[in-house]
$ cat target_35.pdb   # PDB, C-alpha atoms
MODEL        1
ATOM      1  CA  MET A   1    -102.018 -21.878-112.283
ATOM      2  CA  THR A   2    -104.506 -23.715-110.116
ATOM      3  CA  ALA A   3    -107.985 -24.653-111.215
ATOM      4  CA  SER A   4    -110.795 -22.506-109.892
ATOM      5  CA  ALA A   5    -114.556 -22.446-109.835
ATOM      6  CA  ASP A   6    -116.343 -21.551-113.033
ATOM      7  CA  GLN A   7    -117.032 -17.882-113.570
ATOM      8  CA  PRO A   8    -120.558 -17.188-112.317
ATOM      9  CA  THR A   9    -123.408 -15.669-114.274
ATOM     10  CA  LEU A  10    -124.822 -12.488-112.763
ATOM     11  CA  ALA A  11    -128.276 -10.992-113.246
ATOM     12  CA  THR A  12    -129.985  -7.657-112.977
ATOM     13  CA  GLU A  13    -133.583  -6.728-113.624
ATOM     14  CA  ARG A  14    -132.931  -6.339-117.377
ATOM     15  CA  LEU A  15    -129.659  -8.152-117.990
ATOM     16  CA  ARG A  16    -127.859 -11.443-117.802
ATOM     17  CA  VAL A  17    -124.125 -10.816-117.359
ATOM     18  CA  ARG A  18    -122.462 -14.094-118.259
ATOM     19  CA  PRO A  19    -119.180 -15.546-119.464
ATOM     20  CA  PHE A  20    -118.663 -15.469-123.220
ATOM     21  CA  THR A  21    -118.693 -18.707-125.204
ATOM     22  CA  LEU A  22    -117.280 -19.375-128.657
ATOM     23  CA  ALA A  23    -120.876 -19.297-129.912
ATOM     24  CA  ASP A  24    -120.785 -15.529-129.250
ATOM     25  CA  ALA A  25    -117.842 -14.903-131.593
ATOM     26  CA  ALA A  26    -119.741 -13.916-134.761
ATOM     27  CA  GLU A  27    -121.921 -11.479-132.827
ATOM     28  CA  VAL A  28    -118.878 -10.007-131.049
ATOM     29  CA  ARG A  29    -117.212  -9.415-134.406
ATOM     30  CA  ALA A  30    -120.348  -7.778-135.809
ATOM     31  CA  LEU A  31    -121.080  -5.576-132.794
ATOM     32  CA  ALA A  32    -117.567  -4.688-131.650
ATOM     33  CA  GLY A  33    -116.499  -4.257-135.268
ATOM     34  CA  ALA A  34    -118.530  -1.073-135.634
ATOM     35  CA  TRP A  35    -116.362   1.975-136.222
ATOM     36  CA  GLU A  36    -118.041   3.800-133.325
ATOM     37  CA  ILE A  37    -116.881   1.063-130.914
ATOM     38  CA  ALA A  38    -113.284   0.968-132.157
ATOM     39  CA  ASP A  39    -113.156   4.755-132.091
ATOM     40  CA  THR A  40    -113.939   4.834-128.354
ATOM     41  CA  THR A  41    -111.669   1.988-127.185
ATOM     42  CA  LEU A  42    -107.928   1.371-127.057
ATOM     43  CA  THR A  43    -107.856  -2.313-127.972
ATOM     44  CA  ILE A  44    -110.707  -3.015-130.390
ATOM     45  CA  PRO A  45    -109.566  -2.904-134.018
ATOM     46  CA  HIS A  46    -111.520  -1.674-137.019
ATOM     47  CA  PRO A  47    -112.125  -3.514-139.203
ATOM     48  CA  TYR A  48    -112.460  -6.394-136.756
ATOM     49  CA  PRO A  49    -110.370  -9.283-138.155
ATOM     50  CA  LEU A  50    -111.765 -12.748-138.793
ATOM     51  CA  GLY A  51    -110.828 -15.062-135.936
ATOM     52  CA  ALA A  52    -110.064 -12.227-133.512
ATOM     53  CA  ALA A  53    -113.265 -12.736-131.500
ATOM     54  CA  GLU A  54    -112.540 -16.444-131.072
ATOM     55  CA  THR A  55    -108.971 -15.671-129.977
ATOM     56  CA  TRP A  56    -110.192 -13.034-127.513
ATOM     57  CA  ILE A  57    -112.881 -15.310-126.035
ATOM     58  CA  ALA A  58    -110.346 -18.136-125.683
ATOM     59  CA  THR A  59    -108.305 -15.973-123.262
ATOM     60  CA  HIS A  60    -111.130 -15.466-120.778
ATOM     61  CA  ARG A  61    -111.030 -18.729-118.818
ATOM     62  CA  ALA A  62    -107.285 -18.607-118.130
ATOM     63  CA  ALA A  63    -107.512 -14.946-117.079
ATOM     64  CA  TRP A  64    -110.410 -15.810-114.731
ATOM     65  CA  ASN A  65    -108.573 -18.814-113.278
ATOM     66  CA  ALA A  66    -105.476 -16.685-112.677
ATOM     67  CA  ARG A  67    -107.649 -13.963-111.099
ATOM     68  CA  GLN A  68    -106.187 -11.425-113.542
ATOM     69  CA  ARG A  69    -109.300 -10.393-115.428
ATOM     70  CA  LEU A  70    -112.981 -11.207-115.630
ATOM     71  CA  THR A  71    -114.861 -10.585-118.819
ATOM     72  CA  TYR A  72    -118.596 -10.898-119.288
ATOM     73  CA  ALA A  73    -121.086 -10.743-122.118
ATOM     74  CA  ILE A  74    -123.905  -8.268-121.516
ATOM     75  CA  VAL A  75    -127.132  -9.935-122.658
ATOM     76  CA  GLU A  76    -130.631  -8.457-122.586
ATOM     77  CA  GLU A  77    -132.631 -10.862-120.426
ATOM     78  CA  GLU A  78    -136.046 -10.787-122.098
ATOM     79  CA  HIS A  79    -134.969 -11.574-125.681
ATOM     80  CA  GLY A  80    -131.421 -12.881-125.196
ATOM     81  CA  THR A  81    -129.974 -10.092-127.342
ATOM     82  CA  ARG A  82    -126.216  -9.673-126.990
ATOM     83  CA  LEU A  83    -125.467  -6.052-126.141
ATOM     84  CA  GLY A  84    -121.738  -5.864-125.418
ATOM     85  CA  ALA A  85    -119.049  -6.689-122.890
ATOM     86  CA  VAL A  86    -117.914  -5.590-119.451
ATOM     87  CA  SER A  87    -114.646  -6.525-117.780
ATOM     88  CA  LEU A  88    -112.491  -5.926-114.747
ATOM     89  CA  VAL A  89    -108.697  -6.114-114.893
ATOM     90  CA  LEU A  90    -107.810  -7.084-111.345
ATOM     91  CA  ALA A  91    -104.927  -5.681-109.300
ATOM     92  CA  PRO A  92    -105.036  -7.682-106.047
ATOM     93  CA  ALA A  93    -101.835  -6.125-104.659
ATOM     94  CA  SER A  94    -103.570  -2.760-104.512
ATOM     95  CA  ALA A  95    -107.075  -4.159-103.903
ATOM     96  CA  SER A  96    -108.307  -2.411-107.037
ATOM     97  CA  ALA A  97    -109.495  -3.092-110.558
ATOM     98  CA  GLU A  98    -109.916  -1.293-113.865
ATOM     99  CA  LEU A  99    -113.358  -1.354-115.456
ATOM    100  CA  GLY A 100    -113.773  -1.609-119.221
ATOM    101  CA  TYR A 101    -116.837  -2.038-121.402
ATOM    102  CA  TRP A 102    -118.363  -1.610-124.821
ATOM    103  CA  VAL A 103    -122.015  -1.623-125.808
ATOM    104  CA  ALA A 104    -123.442  -2.151-129.290
ATOM    105  CA  VAL A 105    -124.229   1.148-130.982
ATOM    106  CA  PRO A 106    -128.014   0.508-131.252
ATOM    107  CA  ALA A 107    -128.124  -0.011-127.458
ATOM    108  CA  TRP A 108    -126.327   3.230-126.535
ATOM    109  CA  GLY A 109    -128.026   5.607-124.127
ATOM    110  CA  ARG A 110    -130.158   3.019-122.330
ATOM    111  CA  GLY A 111    -128.051   2.487-119.200
ATOM    112  CA  TYR A 112    -126.911  -1.046-120.053
ATOM    113  CA  ALA A 113    -123.214  -0.369-119.378
ATOM    114  CA  THR A 114    -124.000   1.297-116.058
ATOM    115  CA  GLU A 115    -126.227  -1.602-115.015
ATOM    116  CA  ALA A 116    -123.732  -4.271-116.068
ATOM    117  CA  ALA A 117    -120.805  -2.454-114.456
ATOM    118  CA  ALA A 118    -122.684  -2.069-111.179
ATOM    119  CA  THR A 119    -123.406  -5.776-110.925
ATOM    120  CA  VAL A 120    -119.838  -6.771-111.856
ATOM    121  CA  CYS A 121    -118.383  -4.360-109.296
ATOM    122  CA  ASP A 122    -120.842  -5.407-106.563
ATOM    123  CA  PRO A 123    -122.421  -8.750-107.480
ATOM    124  CA  ASP A 124    -124.295  -9.179-104.174
TER
ENDMDL
END

$ encode --input "target_35.pdb" --output "structure tokens"
Amino acid sequence: MTASADQPTLATERLRVRPFTLADAAEVRALAGAWEIADTTLTIPHPYPLGAAETWIATHRAAWNARQRLTYAIVEEEHGTRLGAVSLVLAPASASAELGYWVAVPAWGRGYATEAAATVCDPD
């Protein structure tokens, strides 16, 4: 695997869409660990195990460098509140990608996933 440029941070009017850091792990566990999140996803466990967020975050850089997957934290710009995650699993051979996301239950219904997905799919 060859080294690549760092994953960029993207911005919308309301959001900062940025790479996760290990400092996000406790909040990921708390937010993604909600039953409502696990119930609507294929890969998020409930209860969310200790250490799982750190392990998940640790996979992001290698996946980005290999151009296999990009994963971003969705952060509310004004207050810095973490809201969820958005990712693309890349399939370069077919020039396509699969979009995935989760948003913290208290932030549901406010368009955050739509906004984050739009900027990840078309960052310009």

$ atom_distance --input "target_35.pdb" --atom1 "atom CA of Leu70 of chain A" --atom2 "atom CA of Ala11 of chain A"
15.5 Å

$ residues_around --input "target_35.pdb" --residues "segment 28-35 of chain A" --least-positions-apart "2" --cutoff "7 Å" --atoms "only C-alpha atoms" --output "NGL selection string"
:A and (24-26 or 37-39 or 46-48 or 53 or 104)

$ resolve_selection --input "target_35.pdb" --expression "the PyMOL selection byres ((chain A and resi 58) around 12)" --output "compact mmCIF listing (two decimals) with C-alpha atoms, keeping the file's coordinate frame"
# COMPACT_ATOMS: atom_id res chain seq x y z
CA PRO A 19 -119.18 -15.55 -119.46
CA PHE A 20 -118.66 -15.47 -123.22
CA THR A 21 -118.69 -18.71 -125.20
CA LEU A 22 -117.28 -19.38 -128.66
CA ALA A 23 -120.88 -19.30 -129.91
CA ASP A 24 -120.78 -15.53 -129.25
CA ALA A 25 -117.84 -14.90 -131.59
CA GLY A 51 -110.83 -15.06 -135.94
CA ALA A 52 -110.06 -12.23 -133.51
CA ALA A 53 -113.26 -12.74 -131.50
CA GLU A 54 -112.54 -16.44 -131.07
CA THR A 55 -108.97 -15.67 -129.98
CA TRP A 56 -110.19 -13.03 -127.51
CA ILE A 57 -112.88 -15.31 -126.04
CA THR A 59 -108.30 -15.97 -123.26
CA HIS A 60 -111.13 -15.47 -120.78
CA ARG A 61 -111.03 -18.73 -118.82
CA ALA A 62 -107.28 -18.61 -118.13
CA ALA A 63 -107.51 -14.95 -117.08
CA TRP A 64 -110.41 -15.81 -114.73
CA THR A 71 -114.86 -10.58 -118.82

$ closest_residue --input "target_35.pdb" --among "A:Gln68, A:Ser94, A:Ser87, A:Thr114" --to "Arg18 of chain A" --atoms "all atoms listed in the file"
A:Ser87

$ atom_distance --input "target_35.pdb" --atom1 "atom CA of Tyr72 of chain A" --atom2 "atom CA of Glu36 of chain A"
20.3 Å

$ residues_around --input "target_35.pdb" --residues "segment 74-77 of chain A" --least-positions-apart "5" --cutoff "7 Å" --atoms "all atoms listed in the file" --output "VMD selection string"
chain A and resid 14 to 18 82 to 86 116

$ resolve_selection --input "target_35.pdb" --expression "the PyMOL selection byres ((chain A and resi 98) around 12)" --output "list in words"
Gln68, Arg69, Leu70, Thr71, Val86, Ser87, Leu88, Val89, Leu90, Ala91, Pro92, Ser94, Ala95, Ser96, Ala97, Leu99, Gly100, Tyr101, Ala117, Val120 and Cys121 of chain A

$ closest_residue --input "target_35.pdb" --among "A:Ile44, A:Arg110, A:Glu115, A:Ala66" --to "Glu13 of chain A" --atoms "only C-alpha atoms"
A:Glu115

$ atom_distance --input "target_35.pdb" --atom1 "atom CA of Tyr112 of chain A" --atom2 "atom CA of Thr9 of chain A"
16.1 Å

$ resolve_selection --input "target_35.pdb" --expression "the PyMOL selection byres ((chain A and resi 6) around 9)" --output "MDAnalysis selection string"
chainID A and resid 4:5 7:8 61 64:65

$ closest_residue --input "target_35.pdb" --among "A:Thr81, A:Leu50, A:Ala107, A:Leu10" --to "Thr119 of chain A" --atoms "all atoms listed in the file"
A:Leu10
